[in-house]
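First the structure, in the form of structure tokens, and then the observations on it.
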Number of protein chains: 6
Amino acid sequence: MDNRYQRGIAIMTEMAGDQGRKAMEGVSAFAPDFARLIAEFGFGEVYDRPHLDLKQRELITLSSLITQGAENQLPFHFHSALNIGYTLAELIEVTIHCAVYTGFPRALTALQVLQRVYADREAGKLEV
Amino acid sequence: MDNRYQRGIAIMTEMAGDQGRKAMEGVSAFAPDFARLIAEFGFGEVYDRPHLDLKQRELITLSSLITQGAENQLPFHFHSALNIGYTLAELIEVTIHCAVYTGFPRALTALQVLQRVYADREAGKLEV
Amino acid sequence: MDNRYQRGIAIMTEMAGDQGRKAMEGVSAFAPDFARLIAEFGFGEVYDRPHLDLKQRELITLSSLITQGAENQLPFHFHSALNIGYTLAELIEVTIHCAVYTGFPRALTALQVLQRVYADREAGKLEV
Amino acid sequence: MDNRYQRGIAIMTEMAGDQGRKAMEGVSAFAPDFARLIAEFGFGEVYDRPHLDLKQRELITLSSLITQGAENQLPFHFHSALNIGYTLAELIEVTIHCAVYTGFPRALTALQVLQRVYADREAGKLEV
Amino acid sequence: MDNRYQRGIAIMTEMAGDQGRKAMEGVSAFAPDFARLIAEFGFGEVYDRPHLDLKQRELITLSSLITQGAENQLPFHFHSALNIGYTLAELIEVTIHCAVYTGFPRALTALQVLQRVYADREAGKLEV
Amino acid sequence: MDNRYQRGIAIMTEMAGDQGRKAMEGVSAFAPDFARLIAEFGFGEVYDRPHLDLKQRELITLSSLITQGAENQLPFHFHSALNIGYTLAELIEVTIHCAVYTGFPRALTALQVLQRVYADREAGKLEV
């Protein structure tokens, strides 16, 4: 574990709050090296790079996840996107824009994930 | 053809300059309804909506295209992205960020498209 | 809302009966513009175009959904396909044909969705 | 080689004429077992099955290929589709319908392949 | 049903034990031809071919399933992979290697499926 | 640049010989950070990990690339696979096995890339 790991955990916490820590713990318990590489490389190295800010990086991430139909990983990032300053209207708009490029089925699947994440936050099931 | 069509052509021209007009003419000659729907629905209706600005929409578009390996449509949008204010360093960074989410092969394919588009612009083959 | 919207709702109702209305209401409540664009553009504009009839359009739709692994959107369209005149044997055959082109995993996933939709119809859980 | 092989070659010839034979020869020279499995399983076994006719199977095939962005395999099947009775207007319409489900980039890529195939047929470069 | 069918069932049983039989029964009851083609072509013909052994074929299969995000079909093959001699550490490593090529979201989704399969085996819910 | 970078370059050279160096130089000249991350993270960190050997990692890589239709990145890895000990018959067999899981179109596209790579090696255009 090097310095990238600490930066990665810090960025994940900035994005997803306690959800970030929980997500990592589940992966760490089963596959510690996988968890370490996500933190070190994904968040600690790439997210920490210059040229794009965190909000732009989240927009890229969401668009990639919607396009590949990554239902399981979308909740973490819709939650993060709301935490770092995107409004619900903006995130709905991301799914609408993606419909043009990846088709309505994946856009609609993403919209329904967003709807669940938003409801869970409103109901206090996800730390805001 | 309704009002959306005119707005769509205007947005495409703002994004891609003369490349926008040329791209449309090629499609129009073979399949006018397809060209009309791109202009009307894609650019005239969706790009013109509120909540996200043009630079954000281009970031979503590029991320979706990179993720689906859409080599043929990436040149138009890398060209547009440079026209509307993204720097080369920022667009390279988009491909790096995408590597985390869609893997290095599609990120590298996109980088190589960007390299060709940038060289064509420098060589005066694409209107800047 | 223009005329396309009314045509879109009519086509969705022709295809999916009460399921069409319910599906739209869920989306409308959370993201009315997304729902409107599905109805207006997808069903009202594209499905209503000439050159291909509704049964051919449903065959294209199912093949695209199976190929992209769109599990969430397949139930609506398998249900619609049965409503507009496809037999169960024909729809099973669609999944078999797709296995050649998109591989057995996505074909099998689609077959299992079809099995659930068919059972729900037989059990009266989906309006026929 | 069993009976399925002969049926497969016959179906490929019905679909693509001399292009079918040429496509098979190229694959056979390098990887005879691969070519044999395409003929035996794909065309000889699946295409020959009941419940869907050849035109329906080609519609499924095209929709799957468009959705997965299979540029290399689309020319054979657009050519076949024109041979077995689809009009150019119908095939353009297939790409338009697919835009709703798989997004405009893959639909547009397919349209451009269709444009080349159609031009090659008109120019006598592909046996009609 | 020809000889390939018997070989296919034998290979599936070698791989997945009783899970193989159960998986086939579910498909057979609803779509006997689909089940027969999986057994005959997939397992009876392709898995039985020379040049690659069963462990290599399972590695290819897992990598393809992870890359296409085939969550529903991964449990059968992670279970089979453990049965035919892969260790848990090796299978976790497959998901890590795939992260480079298909991105972290699909790799992580696969890891979480592996975690469930492994837990089910430990709990005696899957025949080892 | 840390130690991972040197290991990455060494592994790439072991795999692809002079092609590895050339591929890196092209990327480095345009986007040095992208090239560095491929070498450091992809080859230096992941390929260098325990649990799977280089031949197994190449099998996973090829299967992922075939499945995602990564035509541009397949030549490097088919070339590497032949260099590190796979026979042509084995690599053809990989494409056949993938046909079951990702469909014939992507398998056939990969086979045709392999055919070109093999011919280039035989003609002395690629260092063996």
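Note on naming: chains are A, B, ... as they come in the structure tokens, residues start from 1 per chain, ligands start from 1 in the order shown.
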Excluding stretch 87-100 of chain E and residues on its chain fewer than 6 positions from it, collect all residues at most 7 Å away from it, counting only C-alpha atoms, and give them as a CSV table (one decimal) with N, CA and C atoms, in the first residue's frame.
```csv
chain,number,residue,atom,x,y,z
A,31,ALA,N,-11.7,-10.0,-1.2
A,31,ALA,CA,-10.6,-9.9,-2.2
A,31,ALA,C,-9.8,-8.6,-1.9
A,34,PHE,N,-8.1,-6.8,-4.9
A,34,PHE,CA,-9.1,-6.1,-5.8
A,34,PHE,C,-9.5,-4.7,-5.2
B,103,GLY,N,-12.2,-0.2,-19.6
B,103,GLY,CA,-11.0,-1.0,-20.0
B,103,GLY,C,-10.1,-0.2,-20.9
B,104,PHE,N,-8.8,-0.7,-20.9
B,104,PHE,CA,-7.8,0.0,-21.7
B,104,PHE,C,-8.0,-0.1,-23.2
E,63,SER,N,-13.9,-15.4,-19.0
E,63,SER,CA,-13.4,-14.1,-19.5
E,63,SER,C,-14.4,-13.4,-20.4
E,107,ALA,N,-15.7,-6.1,-13.9
E,107,ALA,CA,-14.9,-7.0,-13.1
E,107,ALA,C,-15.4,-7.1,-11.7
E,110,ALA,N,-18.5,-9.2,-11.5
E,110,ALA,CA,-18.2,-10.6,-11.5
E,110,ALA,C,-17.6,-11.1,-10.2
E,111,LEU,N,-16.8,-10.2,-9.5
E,111,LEU,CA,-16.2,-10.6,-8.2
E,111,LEU,C,-17.4,-10.8,-7.2
F,42,GLY,N,-1.2,-1.8,-16.2
F,42,GLY,CA,-1.6,-2.9,-16.9
F,42,GLY,C,-0.5,-4.0,-16.9
F,46,VAL,N,-0.5,-5.6,-13.0
F,46,VAL,CA,-1.5,-6.7,-13.1
F,46,VAL,C,-0.8,-7.9,-13.7
F,51,HIS,N,-0.7,-16.1,-9.1
F,51,HIS,CA,-1.9,-16.9,-9.2
F,51,HIS,C,-2.2,-17.3,-10.7
F,52,LEU,N,-1.8,-16.5,-11.7
F,52,LEU,CA,-2.0,-16.9,-13.1
F,52,LEU,C,-0.7,-16.7,-13.8
```
Closest contacts (chain B/chain C, max 12 Å, only C-alpha atoms) as a tab-separated table:
```
residue	atom	partner	partner_atom	distance
B:Asp2	CA	C:Asp2	CA	11.7
B:Asp33	CA	C:Arg49	CA	10.1
B:Phe34	CA	C:Val46	CA	10.5
B:Leu37	CA	C:Phe41	CA	9.4
B:Ile38	CA	C:Phe41	CA	11.6
B:Glu40	CA	C:Phe41	CA	10.3
B:Phe41	CA	C:Phe41	CA	7.7
B:Gly42	CA	C:Phe41	CA	10.4
B:Glu45	CA	C:Leu37	CA	9.5
B:Val46	CA	C:Leu37	CA	9.4
B:Arg49	CA	C:Asp33	CA	10.1
B:Pro50	CA	C:Asp33	CA	11.2
B:Gln68	CA	C:Gln68	CA	11.3
```
Okay, now the selection with C-alpha atoms, as an mmCIF file, in the first residue's frame?
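Result saved to again37.cif:
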```cif
data_model
loop_
_atom_site.group_PDB
_atom_site.id
_atom_site.type_symbol
_atom_site.label_atom_id
_atom_site.label_comp_id
_atom_site.auth_asym_id
_atom_site.auth_seq_id
_atom_site.Cartn_x
_atom_site.Cartn_y
_atom_site.Cartn_z
ATOM 1 C CA ASP B 2 -40.396 21.644 -37.869
ATOM 2 C CA ASP B 33 -35.338 10.770 -42.939
ATOM 3 C CA PHE B 34 -32.411 9.411 -40.946
ATOM 4 C CA LEU B 37 -34.194 12.610 -37.202
ATOM 5 C CA ILE B 38 -30.578 13.154 -36.125
ATOM 6 C CA GLU B 40 -34.460 17.175 -35.186
ATOM 7 C CA PHE B 41 -34.379 14.762 -32.295
ATOM 8 C CA GLY B 42 -30.694 14.401 -31.407
ATOM 9 C CA GLU B 45 -34.501 18.462 -29.250
ATOM 10 C CA VAL B 46 -32.072 16.824 -26.812
ATOM 11 C CA ARG B 49 -32.746 21.029 -23.545
ATOM 12 C CA PRO B 50 -31.963 22.757 -20.213
ATOM 13 C CA GLN B 68 -19.270 1.551 -26.924
#
```
Shell of 6 Å around A:Ser80, only C-alpha atoms, local chain residues under 2 positions omitted, as a VMD selection string: chain A and resid 15 to 16 77 to 78 82 to 83
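With only C-alpha atoms as the basis for measurement, B:His79 is the residue among B:Arg57, B:Arg7, B:His79, B:Lys22 that approaches B:Tyr118 most closely.
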Stretch 18-20 of chain C surroundings by only C-alpha atoms, 10 Å radius, close-in-sequence under 5 positions cut, as a ChimeraX atom specification: /C:9-13,25,76,79-80,126-128
Just write the chosen residues, N, CA, C and O atoms, as a compact mmCIF listing (two decimals), in the first residue's frame.
```txt
# COMPACT_ATOMS: atom_id res chain seq x y z
N ILE C 9 -48.80 7.05 -27.34
CA ILE C 9 -49.57 6.38 -26.29
C ILE C 9 -50.51 5.34 -26.91
O ILE C 9 -50.66 4.23 -26.38
N ALA C 10 -51.11 5.68 -28.03
CA ALA C 10 -52.02 4.74 -28.70
C ALA C 10 -51.27 3.48 -29.14
O ALA C 10 -51.76 2.36 -28.97
N ILE C 11 -50.08 3.65 -29.69
CA ILE C 11 -49.30 2.48 -30.15
C ILE C 11 -48.86 1.64 -28.96
O ILE C 11 -48.93 0.41 -28.98
N MET C 12 -48.40 2.30 -27.89
CA MET C 12 -48.00 1.55 -26.69
C MET C 12 -49.17 0.76 -26.12
O MET C 12 -48.98 -0.36 -25.62
N THR C 13 -50.36 1.34 -26.15
CA THR C 13 -51.53 0.64 -25.62
C THR C 13 -51.90 -0.53 -26.52
O THR C 13 -52.25 -1.61 -26.03
N GLU C 25 -46.73 5.51 -16.49
CA GLU C 25 -47.03 6.28 -15.27
C GLU C 25 -45.87 6.28 -14.30
O GLU C 25 -45.56 7.30 -13.69
N PHE C 76 -41.54 -6.09 -21.08
CA PHE C 76 -42.52 -5.27 -21.79
C PHE C 76 -42.65 -5.74 -23.23
O PHE C 76 -43.76 -5.85 -23.76
N HIS C 79 -44.06 -9.39 -23.73
CA HIS C 79 -45.51 -9.27 -23.48
C HIS C 79 -46.20 -8.66 -24.71
O HIS C 79 -47.21 -9.19 -25.20
N SER C 80 -45.64 -7.58 -25.22
CA SER C 80 -46.22 -6.94 -26.40
C SER C 80 -46.21 -7.88 -27.60
O SER C 80 -47.18 -7.95 -28.36
N LEU C 126 -50.40 -10.67 -15.81
CA LEU C 126 -50.26 -9.68 -16.87
C LEU C 126 -51.49 -9.74 -17.75
O LEU C 126 -51.88 -10.82 -18.20
N GLU C 127 -52.08 -8.60 -18.00
CA GLU C 127 -53.26 -8.52 -18.86
C GLU C 127 -52.94 -9.03 -20.26
O GLU C 127 -51.97 -8.59 -20.88
N VAL C 128 -53.73 -9.97 -20.76
CA VAL C 128 -53.48 -10.52 -22.10
C VAL C 128 -54.36 -9.78 -23.12
O VAL C 128 -55.55 -9.63 -22.90
```
Backbone-only DSSP, alpha helix (DSSP H) members of chain C, as a count of residues only: 91
